[in-house]
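*Asks:* My questions all concern the structure below.
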2 protein chains.
Amino acid sequence: MARAPRQADIAAAAGVSQTTVSLVLSGSTDGSRLAEATRQRVLAAAEQLGYVPDPVATRLASSRNRMLGVYTFATAFPTAVDGFYYPILAGIEAEAAALGQDLVLFTGTGGSGERPDHRAAIRRTRIADGCLFFGRHVPEEPIDWLLGDGFPLVYVGRRDELGGRIPFVGVDYVAASAEVVGRLAALGHRQIRYLRCGDDALSSTDREQGVLAALRTARLPVRRVVVRAEAEAVDAGLISRWVADGVTAVVVEETDTGDLSAAALAAVESAGLVCPRDLSLAVLGQPKDRPDVSGFEVPRWELGRRSVRLLVDQITGARRRTDQQLLACRPVPGSTVGAAPTAPRR
Amino acid sequence: MARAPRQADIAAAAGVSQTTVSLVLSGSTDGSRLAEATRQRVLAAAEQLGYVPDPVATRLASSRNRMLGVYTFATAFPTAVDGFYYPILAGIEAEAAALGQDLVLFTGTGGSGERPDHRAAIRRTRIADGCLFFGRHVPEEPIDWLLGDGFPLVYVGRRDELGGRIPFVGVDYVAASAEVVGRLAALGHRQIRYLRCGDDALSSTDREQGVLAALRTARLPVRRVVVRAEAEAVDAGLISRWVADGVTAVVVEETDTGDLSAAALAAVESAGLVCPRDLSLAVLGQPKDRPDVSGFEVPRWELGRRSVRLLVDQITGARRRTDQQLLACRPVPGSTVGAAPTAPRR
DNA sequence: CTGAAAGCGCTTACAG
DNA sequence: CTGAAAGCGCTTACAG
């Protein structure tokens, strides 16, 4: 591979020292100003040789390289849930580009391909000026090291681990979920069921918390409202039974796969029920390709952008307090929710 | 930011020279073998200190850093056409992870955020061991430099520029398109229209070439078959006129946005026509969420994987001949194509 | 205003 | 079997 021109080559061509070339090219207007004639000579030679600085050497010598890491514990592009991650990645990319930063995707194992050694892989992250982290589980020890070293990092999604010291940009599922249930209560619904998945991720417990809070605010019963179920268990029979019991509104958690809400929607339909005539149905999120379903919109693209912004702020030293940000969701009115029937069903 | 341990620290801890540490850690079993006791001492110290090599320094000193570049001329995650790019990126990511390589996304301008300086941005690519390129247009000069320097690079998509010296992994649109038209000819269709977009990207001209080749093979007329149109111009009136003229089959180019095929599908429907009863309709590709439409499936995920594989082969020195690969598409029978009516329409 | 020198953390001949 | 030394291409005090 032929050698690319370096500062030494320019120096030789322009008849100056390599130091001078570096000074001219890094464009530090401050301090010792160089003779304009020298500057021009160096610039001309650089242009002539097609010089572009070697970012590797730059990074080694200085300590910034305008590269932002993105660390995912599983796969960066999960195909099963592409609708979920793609907008976040797109937001990250857009903001990174806007700020003139490149992105390094640490695709997990960091070399060996064998059992992922998070310690090594996460350390590798230091190649960048800072790093964004994704993933349901936080590998506390290595993250703690990074944090302790002052390495700039931001989690995409809310994180409470390590005594709340992890900077993040998350989504306010609590408020958004409470808003949805509050809407139902205002419409007169008294018998509500909340269908959630079995997994206890933060995004799940946050939603449940919002649901319960809204019920309490509306002075509605809280007992027996929450039902944990896998998508396979949600069928016409279940929904029919609820309606027979007097349930007038069902709220469904939207998970990253969208399985649960899809199952609920299908169950309602195959039970021969029509929303909102027979039953009001809301989803805590927005099911794919179903803008007609009542719920809320998770600001995924914005999540990506804001995460990058926070990370860059950390790197440049700006912003030291508001290291934990929660993004609000936009309510989606939809058409699957309506007023509760005035007469009690039987 | 606290300093991460380096080889010198390990050397001090283990009571050996930094050179020895490097030798042990780079695990070169070949040549001078080190005393097992020394090895163990170094390894233990490295483990104890939580050592992970600095990839920047590694890259500067040697010339590999297990990082693969991905250079996109526009935006890496175009949201408008996410269905198109996402699978490719997912494939790239999967293969990179499988091969233990990280990915560097060069998000365009490479620093300044002003007018994209492709020269500089592309040179920046050298930070990685090799680079994947995306994009309709090839900036010939900088690519030529890279090629001349022997820098490993692979285009995602077919490329004929620079005298055919650009390595690529592309899609065989010619063969896939010919297969679709051949199918129609075999079903007795004699009057066919090919609807294509106005843009002359390689993926467009390849498809047209395939269409024409198949027509010739079937000894069908070629004149007036090809119709260039924007999506907005494709309406019920156009389709109805064609059918009135005796056209029994319409073939539509699938572009990255999917606009044209969507317009054609909508036009057929609003003309009150049913496929394949009134008209056979095939798409040169696969419209989103419409597996029922006859056409072919572009192996996008595989395209990503193969591109990475070819790039890594180039980096490691394997494979020097088959630097240009074309991937076959899987035909999608679908249900929008049927036998031509035996009696000529009028 | 400009240059010689050290250093960033590694690898790689080359000696011993 | 192990170490001293040079070098990868930059930046950054520090002298002149």
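Ordered as shown in the structure tokens, chains take letters A, B, and onward, while each chain numbers its residues from 1 and ligands are numbered from 1 in the order shown.
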Write out as a PDB file with C-alpha atoms (C1' of nucleotides), in the first residue's frame which residues come within 12 Å of segment 59-63 of chain B when counting only C-alpha atoms (C1' of nucleotides), dropping same-chain ones fewer than 3 positions away.
*Replies:*
```
ATOM      1  CA  MET A   1       0.000   0.000   0.000  1.00  0.00           C
ATOM      2  CA  ASP A  54      -3.996  10.611   9.657  1.00  0.00           C
ATOM      3  CA  PRO A  55      -6.750  10.415  12.256  1.00  0.00           C
ATOM      4  CA  VAL A  56      -5.088   7.552  14.052  1.00  0.00           C
ATOM      5  CA  ALA A  57      -1.959   9.512  14.713  1.00  0.00           C
ATOM      6  CA  THR A  58      -4.005  12.553  15.578  1.00  0.00           C
ATOM      7  CA  ARG A  59      -5.960  10.620  18.126  1.00  0.00           C
ATOM      8  CA  LEU A  60      -2.854   9.115  19.657  1.00  0.00           C
ATOM      9  CA  ALA A  61      -1.079  12.416  19.938  1.00  0.00           C
ATOM     10  CA  ILE A 127     -11.013   4.335  21.161  1.00  0.00           C
TER      11      ILE A 127
ATOM     12  CA  SER B  22       3.862  -6.859  23.802  1.00  0.00           C
ATOM     13  CA  SER B  26       0.013 -10.248  20.919  1.00  0.00           C
ATOM     14  CA  PRO B  53      -4.733  -2.761  24.303  1.00  0.00           C
ATOM     15  CA  ASP B  54      -5.225   0.727  22.953  1.00  0.00           C
ATOM     16  CA  PRO B  55      -6.570   0.165  19.477  1.00  0.00           C
ATOM     17  CA  VAL B  56      -5.378   3.529  18.263  1.00  0.00           C
ATOM     18  CA  ARG B  66     -10.039  -4.830  13.330  1.00  0.00           C
ATOM     19  CA  MET B  67     -12.153  -1.902  12.339  1.00  0.00           C
ATOM     20  CA  ARG B 126      -7.937   4.984   6.317  1.00  0.00           C
ATOM     21  CA  ILE B 127      -8.463   4.949   9.998  1.00  0.00           C
ATOM     22  CA  ALA B 128     -10.006   1.528   9.445  1.00  0.00           C
ATOM     23  CA  ASP B 129      -8.417  -1.544   7.960  1.00  0.00           C
ATOM     24  CA  GLY B 130     -10.649  -1.236   4.955  1.00  0.00           C
ATOM     25  CA  PHE B 151      -6.341   0.297   0.489  1.00  0.00           C
ATOM     26  CA  ILE B 315      -7.632  -7.152   4.079  1.00  0.00           C
ATOM     27  CA  THR B 316      -6.253 -10.541   4.968  1.00  0.00           C
TER      28      THR B 316
ATOM     29  C1'  DC C   8       1.039   9.321  22.725  1.00  0.00           C
ATOM     30  C1'  DG C   9       1.019   3.305  23.265  1.00  0.00           C
ATOM     31  C1'  DC C  10       1.949   0.121  20.519  1.00  0.00           C
ATOM     32  C1'  DT C  11       4.945  -3.378  16.964  1.00  0.00           C
ATOM     33  C1'  DT C  12       8.922  -5.046  14.942  1.00  0.00           C
TER      34       DT C  12
ATOM     35  C1'  DA D   6      13.546   2.787  16.313  1.00  0.00           C
ATOM     36  C1'  DG D   7       9.409   4.028  14.279  1.00  0.00           C
ATOM     37  C1'  DC D   8       4.148   4.628  13.131  1.00  0.00           C
ATOM     38  C1'  DG D   9       2.323  10.330  12.190  1.00  0.00           C
ATOM     39  C1'  DC D  10       0.864  13.398  14.821  1.00  0.00           C
TER      40       DC D  10
END
```
*Asks:* Return as a list of chain:residue names the residues belonging to chain C that are within 7 Å of chain A, counting only C-alpha atoms (C1' of nucleotides).
*Replies:*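 On the chain C side, the interface is C:DC1, C:DT2, C:DG3, C:DC8.
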*Asks:* Mind pulling up the distance from atom CA of Ala175 of chain B to atom CA of Gly210 of chain B?
*Replies:* 6.0 Å
*Asks:* Could you please determine the separation between atom CA of Arg207 of chain A and atom CA of Tyr173 of chain A in Å, to one decimal place?
*Replies:*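 Computing the Euclidean distance for atom CA of Arg207 of chain A and atom CA of Tyr173 of chain A yields 5.3 Å.
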